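The data block below is data_37.pdb; it holds PDB, C-alpha atoms.
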```pdb
ATOM      1  CA  ALA A 278       2.416  -0.085  25.224
ATOM      2  CA  GLY A 279       5.315   0.836  22.987
ATOM      3  CA  CYS A 280       3.422   3.684  21.296
ATOM      4  CA  VAL A 281       5.140   6.960  20.596
ATOM      5  CA  CYS A 282       3.858   9.625  22.978
ATOM      6  CA  MET A 283       1.661  12.160  21.239
ATOM      7  CA  GLU A 284       0.169  14.770  23.546
ATOM      8  CA  PRO A 285      -3.380  15.865  22.642
ATOM      9  CA  VAL A 286      -4.574  19.406  23.187
ATOM     10  CA  ASN A 287      -5.987  20.427  26.583
ATOM     11  CA  GLN A 288      -9.644  20.227  25.521
ATOM     12  CA  THR A 289      -9.364  16.509  24.740
ATOM     13  CA  ILE A 290     -10.713  14.391  27.566
ATOM     14  CA  VAL A 291     -11.204  11.165  25.598
ATOM     15  CA  MET A 292      -8.274   8.938  26.554
ATOM     16  CA  GLU A 293      -9.255   5.929  24.484
ATOM     17  CA  PHE A 294     -11.445   4.975  21.555
ATOM     18  CA  ILE A 295     -13.479   1.863  20.843
ATOM     19  CA  LEU A 296     -13.220   0.587  17.284
ATOM     20  CA  GLY A 297     -16.505  -0.553  15.761
ATOM     21  CA  GLY A 298     -14.754  -3.335  13.852
ATOM     22  CA  LEU A 299     -15.858  -4.813  10.571
ATOM     23  CA  PRO A 300     -19.602  -4.978   9.846
ATOM     24  CA  ASN A 301     -21.386  -8.355  10.035
ATOM     25  CA  THR A 302     -18.494 -10.159  11.755
ATOM     26  CA  THR A 303     -19.846 -10.396  15.311
ATOM     27  CA  LYS A 304     -22.114 -13.433  14.776
ATOM     28  CA  ILE A 305     -19.325 -15.801  13.734
ATOM     29  CA  PRO A 306     -16.118 -14.091  14.923
ATOM     30  CA  VAL A 307     -14.030 -17.279  14.945
ATOM     31  CA  VAL A 308     -14.661 -17.869  11.232
ATOM     32  CA  PHE A 309     -13.679 -14.298  10.378
ATOM     33  CA  PHE A 310     -10.670 -14.507  12.692
ATOM     34  CA  LEU A 311      -9.376 -17.561  10.827
ATOM     35  CA  LEU A 312     -10.156 -15.953   7.457
ATOM     36  CA  PHE A 313      -8.263 -12.732   8.223
ATOM     37  CA  LEU A 314      -5.444 -14.676   9.858
ATOM     38  CA  VAL A 315      -4.952 -16.718   6.665
ATOM     39  CA  VAL A 316      -5.110 -13.562   4.537
ATOM     40  CA  TYR A 317      -2.585 -11.827   6.787
ATOM     41  CA  LEU A 318      -0.174 -14.761   6.789
ATOM     42  CA  LEU A 319      -0.402 -15.042   2.986
ATOM     43  CA  THR A 320       0.247 -11.303   2.705
ATOM     44  CA  VAL A 321       3.274 -11.291   4.978
ATOM     45  CA  LEU A 322       4.792 -14.534   3.685
ATOM     46  CA  GLY A 323       4.115 -13.711   0.019
ATOM     47  CA  ASN A 324       5.565 -10.213   0.190
ATOM     48  CA  LEU A 325       8.547 -11.237   2.293
ATOM     49  CA  LEU A 326       9.261 -14.050  -0.178
ATOM     50  CA  ILE A 327       9.267 -11.576  -3.084
ATOM     51  CA  PHE A 328      11.460  -9.174  -1.079
ATOM     52  CA  LEU A 329      13.983 -11.870  -0.111
ATOM     53  CA  THR A 330      14.030 -13.301  -3.649
ATOM     54  CA  ILE A 331      14.924  -9.913  -5.126
ATOM     55  CA  LEU A 332      17.468  -9.283  -2.370
ATOM     56  CA  SER A 333      19.182 -12.653  -2.832
ATOM     57  CA  ASP A 334      19.329 -12.612  -6.633
ATOM     58  CA  THR A 335      22.368 -10.620  -7.790
ATOM     59  CA  HIS A 336      20.739  -9.958 -11.165
ATOM     60  CA  LEU A 337      17.341  -8.763  -9.904
ATOM     61  CA  HIS A 338      18.405  -6.425  -7.121
ATOM     62  CA  THR A 339      20.498  -4.370  -9.555
ATOM     63  CA  LEU A 340      17.552  -3.717 -11.910
ATOM     64  CA  PRO A 341      15.369  -0.640 -11.199
ATOM     65  CA  MET A 342      12.071  -2.444 -11.818
ATOM     66  CA  TYR A 343      12.825  -5.062  -9.149
ATOM     67  CA  PHE A 344      14.313  -2.520  -6.770
ATOM     68  CA  TYR A 345      10.918  -0.784  -6.816
ATOM     69  CA  LEU A 346       9.101  -4.114  -6.537
ATOM     70  CA  GLY A 347      11.130  -4.917  -3.400
ATOM     71  CA  ASN A 348      10.035  -1.589  -1.894
ATOM     72  CA  LEU A 349       6.415  -2.365  -2.822
ATOM     73  CA  SER A 350       6.588  -5.751  -1.091
ATOM     74  CA  PHE A 351       7.989  -4.139   2.053
ATOM     75  CA  LEU A 352       5.280  -1.447   1.991
ATOM     76  CA  ASP A 353       2.492  -4.009   1.524
ATOM     77  CA  THR A 354       3.761  -6.026   4.490
ATOM     78  CA  CYS A 355       3.825  -2.941   6.719
ATOM     79  CA  LEU A 356       0.496  -1.564   5.466
ATOM     80  CA  SER A 357      -1.300  -4.814   6.226
ATOM     81  CA  SER A 358       0.387  -4.991   9.647
ATOM     82  CA  VAL A 359      -0.997  -1.569  10.610
ATOM     83  CA  THR A 360      -4.630  -2.737  10.474
ATOM     84  CA  VAL A 361      -4.997  -6.542  10.453
ATOM     85  CA  PRO A 362      -3.514  -7.421  13.898
ATOM     86  CA  LYS A 363      -5.969  -5.016  15.551
ATOM     87  CA  ILE A 364      -8.831  -6.566  13.574
ATOM     88  CA  LEU A 365      -7.783 -10.029  14.791
ATOM     89  CA  ALA A 366      -7.577  -8.829  18.400
ATOM     90  CA  GLY A 367     -11.030  -7.257  18.136
ATOM     91  CA  LEU A 368     -12.553 -10.446  16.785
ATOM     92  CA  MET A 369     -11.244 -12.542  19.681
ATOM     93  CA  VAL A 370     -11.829 -10.321  22.744
ATOM     94  CA  LYS A 371     -13.925  -7.215  23.350
ATOM     95  CA  THR A 372     -10.968  -5.375  24.867
ATOM     96  CA  GLY A 373      -9.147  -5.941  21.577
ATOM     97  CA  ARG A 374     -11.223  -3.134  20.056
ATOM     98  CA  VAL A 375     -10.057  -0.593  22.630
ATOM     99  CA  ILE A 376      -7.262   1.692  21.446
ATOM    100  CA  SER A 377      -5.691   4.571  23.348
ATOM    101  CA  PHE A 378      -5.811   8.107  21.954
ATOM    102  CA  ARG A 379      -2.060   8.142  21.331
ATOM    103  CA  CYS A 380      -2.026   4.735  19.638
ATOM    104  CA  CYS A 381      -5.020   5.753  17.531
ATOM    105  CA  MET A 382      -3.140   8.820  16.260
ATOM    106  CA  LEU A 383      -0.039   6.708  15.674
ATOM    107  CA  GLN A 384      -2.067   4.194  13.663
ATOM    108  CA  LEU A 385      -3.616   7.040  11.654
ATOM    109  CA  TYR A 386      -0.146   8.437  10.894
ATOM    110  CA  ALA A 387       1.367   5.053   9.998
ATOM    111  CA  PHE A 388      -1.512   4.179   7.703
ATOM    112  CA  HIS A 389      -1.394   7.440   5.739
ATOM    113  CA  PHE A 390       2.411   7.382   5.651
ATOM    114  CA  LEU A 391       2.511   3.897   4.118
ATOM    115  CA  ALA A 392      -0.537   4.316   1.863
ATOM    116  CA  SER A 393       0.641   7.631   0.382
ATOM    117  CA  THR A 394       4.192   6.310  -0.062
ATOM    118  CA  GLU A 395       2.770   3.349  -1.965
ATOM    119  CA  CYS A 396       0.734   5.746  -4.096
ATOM    120  CA  PHE A 397       3.914   7.663  -5.011
ATOM    121  CA  LEU A 398       5.768   4.402  -5.626
ATOM    122  CA  TYR A 399       3.202   3.255  -8.200
ATOM    123  CA  THR A 400       3.786   6.550 -10.022
ATOM    124  CA  VAL A 401       7.561   6.053 -10.043
ATOM    125  CA  MET A 402       7.098   2.473 -11.273
ATOM    126  CA  ALA A 403       4.948   3.765 -14.155
ATOM    127  CA  TYR A 404       7.677   6.289 -15.034
ATOM    128  CA  ASP A 405      10.239   3.478 -14.926
ATOM    129  CA  ARG A 406       8.194   1.402 -17.402
ATOM    130  CA  TYR A 407       7.775   4.492 -19.605
ATOM    131  CA  LEU A 408      11.550   4.970 -19.804
ATOM    132  CA  ALA A 409      12.197   1.254 -20.369
ATOM    133  CA  ILE A 410       9.788   1.003 -23.314
ATOM    134  CA  CYS A 411       9.950   4.494 -24.861
ATOM    135  CA  TYR A 412      13.684   5.133 -24.354
ATOM    136  CA  PRO A 413      15.305   1.680 -24.125
ATOM    137  CA  LEU A 414      18.750   2.864 -25.313
ATOM    138  CA  HIS A 415      18.943   5.567 -22.635
ATOM    139  CA  TYR A 416      17.129   3.650 -19.895
ATOM    140  CA  THR A 417      20.163   2.453 -17.924
ATOM    141  CA  THR A 418      21.755   5.908 -18.111
ATOM    142  CA  ILE A 419      18.663   7.776 -16.878
ATOM    143  CA  MET A 420      17.439   5.214 -14.349
ATOM    144  CA  ASN A 421      20.819   4.529 -12.755
ATOM    145  CA  ARG A 422      21.345   3.416  -9.169
ATOM    146  CA  ARG A 423      21.691   6.959  -7.872
ATOM    147  CA  ALA A 424      18.418   7.999  -9.550
ATOM    148  CA  CYS A 425      16.623   4.948  -8.136
ATOM    149  CA  PHE A 426      17.751   5.620  -4.576
ATOM    150  CA  GLY A 427      16.932   9.322  -4.940
ATOM    151  CA  LEU A 428      13.408   8.632  -6.181
ATOM    152  CA  VAL A 429      12.711   6.079  -3.440
ATOM    153  CA  LEU A 430      14.095   8.340  -0.718
ATOM    154  CA  GLY A 431      11.977  11.186  -2.094
ATOM    155  CA  ILE A 432       8.719   9.223  -2.039
ATOM    156  CA  TRP A 433       9.335   7.958   1.521
ATOM    157  CA  LEU A 434      10.031  11.506   2.744
ATOM    158  CA  THR A 435       7.031  12.926   0.876
ATOM    159  CA  GLY A 436       4.766  10.219   2.293
ATOM    160  CA  SER A 437       5.985  11.037   5.797
ATOM    161  CA  ILE A 438       5.276  14.772   5.370
ATOM    162  CA  HIS A 439       1.864  14.062   3.834
ATOM    163  CA  ALA A 440       0.873  11.858   6.803
ATOM    164  CA  ALA A 441       2.265  14.332   9.344
ATOM    165  CA  ILE A 442       0.055  17.138   7.984
ATOM    166  CA  HIS A 443      -3.134  15.093   8.372
ATOM    167  CA  THR A 444      -2.154  13.680  11.760
ATOM    168  CA  ARG A 445      -1.373  17.151  13.097
ATOM    169  CA  LEU A 446      -4.705  18.553  11.872
ATOM    170  CA  THR A 447      -6.581  15.606  13.415
ATOM    171  CA  ILE A 448      -4.769  15.495  16.751
ATOM    172  CA  GLN A 449      -5.236  19.209  17.495
ATOM    173  CA  LEU A 450      -9.037  18.890  17.476
ATOM    174  CA  PRO A 451     -10.823  18.461  20.843
ATOM    175  CA  TYR A 452     -12.419  15.065  21.547
ATOM    176  CA  CYS A 453     -14.792  15.286  24.489
ATOM    177  CA  GLY A 454     -17.901  13.321  23.555
ATOM    178  CA  PRO A 455     -18.559   9.810  22.188
ATOM    179  CA  ASN A 456     -15.500   7.626  21.734
ATOM    180  CA  ARG A 457     -16.784   4.874  19.456
ATOM    181  CA  ILE A 458     -15.178   4.907  15.986
ATOM    182  CA  GLU A 459     -17.514   3.293  13.478
ATOM    183  CA  TYR A 460     -14.638   1.762  11.542
ATOM    184  CA  PHE A 461     -12.113  -1.028  11.907
ATOM    185  CA  PHE A 462      -9.079   1.243  12.370
ATOM    186  CA  CYS A 463      -8.269   4.880  13.114
ATOM    187  CA  ASP A 464      -8.694   6.743   9.848
ATOM    188  CA  ILE A 465      -9.390  10.425   9.271
ATOM    189  CA  PRO A 466     -13.101  10.481   8.215
ATOM    190  CA  PRO A 467     -14.463   8.334  11.095
ATOM    191  CA  VAL A 468     -12.244  10.034  13.700
ATOM    192  CA  LEU A 469     -13.338  13.516  12.572
ATOM    193  CA  LYS A 470     -16.958  12.571  13.279
ATOM    194  CA  LEU A 471     -16.094  12.358  17.001
ATOM    195  CA  ALA A 472     -14.470  15.789  17.266
ATOM    196  CA  CYS A 473     -16.191  18.416  19.442
ATOM    197  CA  ALA A 474     -15.441  21.200  16.962
ATOM    198  CA  ASP A 475     -16.064  22.332  13.426
ATOM    199  CA  THR A 476     -14.168  20.002  11.084
ATOM    200  CA  ALA A 477     -14.904  21.859   7.840
ATOM    201  CA  ASN A 478     -11.273  22.940   7.472
ATOM    202  CA  ASN A 479     -10.049  19.380   8.000
ATOM    203  CA  LYS A 480     -12.451  18.059   5.372
ATOM    204  CA  THR A 481     -11.279  20.759   2.963
ATOM    205  CA  VAL A 482      -7.663  19.696   3.504
ATOM    206  CA  ILE A 483      -8.651  16.067   2.924
ATOM    207  CA  LEU A 484     -10.258  16.953  -0.399
ATOM    208  CA  ALA A 485      -7.379  19.213  -1.424
ATOM    209  CA  ASN A 486      -4.363  17.308  -0.141
ATOM    210  CA  ILE A 487      -5.430  13.713  -0.693
ATOM    211  CA  GLY A 488      -7.291  14.712  -3.840
ATOM    212  CA  VAL A 489      -4.221  16.398  -5.307
ATOM    213  CA  VAL A 490      -1.956  13.499  -4.344
ATOM    214  CA  ALA A 491      -4.268  10.746  -5.605
ATOM    215  CA  ALA A 492      -5.417  12.587  -8.727
ATOM    216  CA  GLY A 493      -1.928  13.870  -9.505
ATOM    217  CA  CYS A 494      -0.363  10.437  -9.229
ATOM    218  CA  PHE A 495      -3.172   8.840 -11.236
ATOM    219  CA  VAL A 496      -2.868  11.423 -14.027
ATOM    220  CA  LEU A 497       0.904  10.912 -14.220
ATOM    221  CA  ILE A 498       0.401   7.139 -14.393
ATOM    222  CA  CYS A 499      -2.220   7.539 -17.143
ATOM    223  CA  VAL A 500       0.066   9.851 -19.151
ATOM    224  CA  SER A 501       2.921   7.353 -18.821
ATOM    225  CA  TYR A 502       0.710   4.536 -20.088
ATOM    226  CA  ILE A 503      -0.597   6.587 -22.993
ATOM    227  CA  TYR A 504       2.980   7.031 -24.206
ATOM    228  CA  ILE A 505       3.691   3.364 -23.458
ATOM    229  CA  ALA A 506       0.650   2.271 -25.506
ATOM    230  CA  ILE A 507       1.746   4.460 -28.442
ATOM    231  CA  ALA A 508       5.257   3.003 -28.284
ATOM    232  CA  ILE A 509       3.949  -0.586 -28.106
ATOM    233  CA  LEU A 510       1.691  -0.057 -31.132
ATOM    234  CA  LYS A 511       4.726   1.068 -33.128
ATOM    235  CA  ILE A 512       6.508  -2.249 -32.507
ATOM    236  CA  GLN A 513       6.405  -4.271 -35.716
ATOM    237  CA  THR A 514       6.223  -7.837 -34.387
ATOM    238  CA  VAL A 515       3.446  -9.442 -32.373
ATOM    239  CA  GLU A 516       5.998 -11.082 -30.067
ATOM    240  CA  GLY A 517       7.671  -7.727 -29.440
ATOM    241  CA  ARG A 518       4.357  -6.107 -28.544
ATOM    242  CA  ARG A 519       3.485  -9.015 -26.272
ATOM    243  CA  ARG A 520       6.787  -8.827 -24.408
ATOM    244  CA  ALA A 521       6.531  -5.052 -24.011
ATOM    245  CA  PHE A 522       2.979  -5.288 -22.694
ATOM    246  CA  SER A 523       3.860  -8.133 -20.297
ATOM    247  CA  THR A 524       6.388  -5.890 -18.521
ATOM    248  CA  CYS A 525       3.572  -3.423 -17.722
ATOM    249  CA  SER A 526       0.539  -5.653 -17.186
ATOM    250  CA  ALA A 527       1.273  -6.561 -13.549
ATOM    251  CA  HIS A 528       1.831  -2.938 -12.547
ATOM    252  CA  LEU A 529      -1.254  -1.778 -14.415
ATOM    253  CA  THR A 530      -3.354  -4.438 -12.683
ATOM    254  CA  VAL A 531      -2.305  -3.463  -9.143
ATOM    255  CA  VAL A 532      -2.758   0.251  -9.908
ATOM    256  CA  LEU A 533      -6.368  -0.340 -10.948
ATOM    257  CA  LEU A 534      -6.982  -2.417  -7.806
ATOM    258  CA  TYR A 535      -5.388   0.182  -5.541
ATOM    259  CA  TYR A 536      -6.767   3.518  -6.732
ATOM    260  CA  GLY A 537     -10.532   3.002  -6.865
ATOM    261  CA  PRO A 538     -11.396   2.487  -3.156
ATOM    262  CA  PRO A 539      -9.391   5.438  -1.685
ATOM    263  CA  VAL A 540     -10.974   7.845  -4.165
ATOM    264  CA  PHE A 541     -14.433   6.656  -3.082
ATOM    265  CA  ILE A 542     -13.588   7.004   0.633
ATOM    266  CA  TYR A 543     -11.722  10.307   0.776
ATOM    267  CA  MET A 544     -13.624  12.190  -1.884
ATOM    268  CA  ARG A 545     -16.818  11.465   0.108
ATOM    269  CA  PRO A 546     -15.787  11.946   3.787
ATOM    270  CA  SER A 547     -19.399  11.867   5.003
ATOM    271  CA  SER A 548     -20.364   8.601   3.277
ATOM    272  CA  SER A 549     -21.471   5.581   5.288
ATOM    273  CA  GLY A 550     -19.008   3.669   7.426
ATOM    274  CA  PHE A 551     -20.273   0.372   6.039
ATOM    275  CA  MET A 552     -19.407   1.254   2.423
ATOM    276  CA  ASN A 553     -16.114   2.867   3.410
ATOM    277  CA  GLY A 554     -15.204  -0.187   5.488
ATOM    278  CA  ALA A 555     -15.892  -2.573   2.623
ATOM    279  CA  MET A 556     -13.790  -0.434   0.266
ATOM    280  CA  ALA A 557     -10.961  -0.057   2.782
ATOM    281  CA  VAL A 558     -10.771  -3.805   3.404
ATOM    282  CA  PHE A 559     -10.148  -4.297  -0.295
ATOM    283  CA  TYR A 560      -7.195  -1.962  -0.733
ATOM    284  CA  THR A 561      -5.642  -2.295   2.758
ATOM    285  CA  ILE A 562      -5.958  -6.070   3.154
ATOM    286  CA  ILE A 563      -6.876  -7.820  -0.097
ATOM    287  CA  THR A 564      -4.681  -5.903  -2.565
ATOM    288  CA  PRO A 565      -1.458  -6.352  -0.502
ATOM    289  CA  MET A 566      -2.189 -10.094  -0.462
ATOM    290  CA  LEU A 567      -2.790 -10.227  -4.236
ATOM    291  CA  ASN A 568       0.295  -8.230  -5.260
ATOM    292  CA  PRO A 569       2.844 -11.059  -4.800
ATOM    293  CA  PHE A 570       0.657 -13.445  -6.822
ATOM    294  CA  ILE A 571       0.108 -10.883  -9.591
ATOM    295  CA  TYR A 572       3.809 -10.118  -9.967
ATOM    296  CA  THR A 573       4.891 -13.750  -9.616
ATOM    297  CA  LEU A 574       2.392 -15.162 -12.116
ATOM    298  CA  ARG A 575       3.091 -12.451 -14.720
ATOM    299  CA  ASN A 576       6.863 -12.111 -14.358
ATOM    300  CA  MET A 577       9.240 -14.739 -15.721
ATOM    301  CA  GLU A 578      12.295 -13.150 -14.061
ATOM    302  CA  VAL A 579      10.722 -13.447 -10.608
ATOM    303  CA  LYS A 580       9.654 -17.042 -11.327
ATOM    304  CA  LYS A 581      13.206 -17.988 -12.307
ATOM    305  CA  ALA A 582      14.642 -16.262  -9.242
ATOM    306  CA  LEU A 583      12.156 -18.081  -6.977
ATOM    307  CA  ARG A 584      13.104 -21.439  -8.494
ATOM    308  CA  LYS A 585      16.786 -20.612  -8.050
ATOM    309  CA  LEU A 586      16.193 -19.605  -4.423
ATOM    310  CA  PHE A 587      14.302 -22.822  -3.579
ATOM    311  CA  TYR A 588      16.801 -24.967  -5.463
ATOM    312  CA  GLY A 589      19.677 -23.325  -3.596
ATOM    313  CA  GLN A 590      17.956 -23.980  -0.267
ATOM    314  CA  LEU A 591      17.387 -27.641  -1.128
ATOM    315  CA  VAL A 592      21.010 -28.099  -2.173
ATOM    316  CA  SER A 593      22.322 -26.369   0.977
ATOM    317  CA  GLN A 594      20.179 -28.686   3.141
ATOM    318  CA  GLY A 595      21.435 -31.782   1.340
ATOM    319  CA  HIS A 596      18.120 -32.755  -0.272
ATOM    320  CA  LEU A 597      19.558 -32.329  -3.761
ATOM    321  CA  ARG A 598      23.060 -32.957  -5.095
TER     322      ARG A 598
END
```
So that I can check it, write out the structure of this file as structure tokens.
Amino acid sequence: AGCVCMEPVNQTIVMEFILGGLPNTTKIPVVFFLLFLVVYLLTVLGNLLIFLTILSDTHLHTLPMYFYLGNLSFLDTCLSSVTVPKILAGLMVKTGRVISFRCCMLQLYAFHFLASTECFLYTVMAYDRYLAICYPLHYTTIMNRRACFGLVLGIWLTGSIHAAIHTRLTIQLPYCGPNRIEYFFCDIPPVLKLACADTANNKTVILANIGVVAAGCFVLICVSYIYIAIAILKIQTVEGRRRAFSTCSAHLTVVLLYYGPPVFIYMRPSSSGFMNGAMAVFYTIITPMLNPFIYTLRNMEVKKALRKLFYGQLVSQGHLR
């Protein structure tokens, strides 16, 4: 219900799929349900809190770094919402693992749209830190509001096109045999295994397209940080080097957490569902939950804005005068 209509090709007779769910969760489903529910609530509340804090603080929402962080928080909330609710439904009732063909393709599109957009956003955030540290006098001129909006609009559009290519290639295949997806959501590698046709071309596109996107973004991030490291080493004072590094440490941490699992999954499309599932849980569920904590604990500006937001709420409710 509520899914966008996507018509499969005539050869497709499978009208619904059954998701295999997460491995080793069937014996104590209630425990895993509560665990994933807590993780999901922490993810949504944590990211929305960061987003609202940046939006409400007149100083933060004018700075490029926090404008990008607000976009990241929104993306993490949406990315987690694409997969976790279906996991929770599957843990509670057997029918919760059933997903229609159209909704499966919609989930596949939404996941790759959000995940690739986040990949591009990390690259833009690395470029932003490069400009801030290597060209501090020209930073505000180069990374002005128009440039920020242009970059963000560009990565959202590129992510949408990237996801549309893969969804189109997947949806046009015939599905006429088994309908059980050995995975916890509709992703390209496990869905391709159910196609009643040669999927060599699809796998080639996965390696080329996703490989180019992931590798390209990672190389650009690495190049940015090489220049950043050189610039930091040239700073004369220890305090100056510490402050410069602290502005990059949170971003560098989340990049390392985010990039490893997708490379393992999509560069090896035929690898086991168990290993892919474990990797996917990490970067689709755990990393979005950790991001708010990483940025909050390592960023004094966000901490101050959070305190100001809570203090303002207490004053407005009459608890403080």
From atom CA of Tyr560 of chain A to atom CA of Tyr535 of chain A the spacing works out at 5.6 Å
Show which residues sit within 7 Å of segment 408-421 of chain A, as an MDAnalysis selection string. Count only C-alpha atoms, and ignore same-chain residues fewer than 3 positions away.
chainID A and resid 341 404:405 424:425 505 508 521
Applied to the shown file, which residues does the PyMOL selection byres ((chain A and resi 439-456) around 6) return, written as a ChimeraX atom specification?
-> /A:286,288-291,294,386,389-390,436-438,457,472-473
**Item:** Residue contacts of Leu430 of chain A (12 Å, only C-alpha atoms) excluding same-chain residues fewer than 3 positions away, as a list in words
**Value:** Tyr345, Asn348, Thr394, Phe397, Leu398, Val401, Arg423, Ala424, Cys425, Phe426, Gly427, Trp433, Leu434, Thr435, Gly436 and Ser437 of chain A
- Query: To one decimal place, how far is atom CA of Ser350 of chain A from atom CA of Cys396 of chain A in Å?
  - Reply: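 Atom CA of Cys396 of chain A lies 13.2 Å from atom CA of Ser350 of chain A.
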With distances taken over only C-alpha atoms, the candidate from A:Gly431, A:Gly488, A:Pro565, A:Pro362 nearest Gln384 of chain A is A:Pro362
Grab the atom CA of Thr564 of chain A to atom CA of Leu325 of chain A distance for me, in Å with one decimal place.
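That distance, rounded to one decimal, is 15.1 Å.
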Counting all atoms listed in the file, the residue of A:Ile364, A:Ile432, A:Tyr343, A:Cys499 that sits nearest Thr330 of chain A: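 Between A:Ile364, A:Ile432, A:Tyr343, A:Cys499, the residue approaching Thr330 of chain A most closely is A:Tyr343.
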Discussion item. Let me make sure I understand: among A:Val532, A:Ile331, A:Leu352, A:Leu346, which one has the smallest atom-to-atom distance to Cys494 of chain A if we use only C-alpha atoms?
Written reply: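 Closest to Cys494 of chain A of all the choices is A:Val532.
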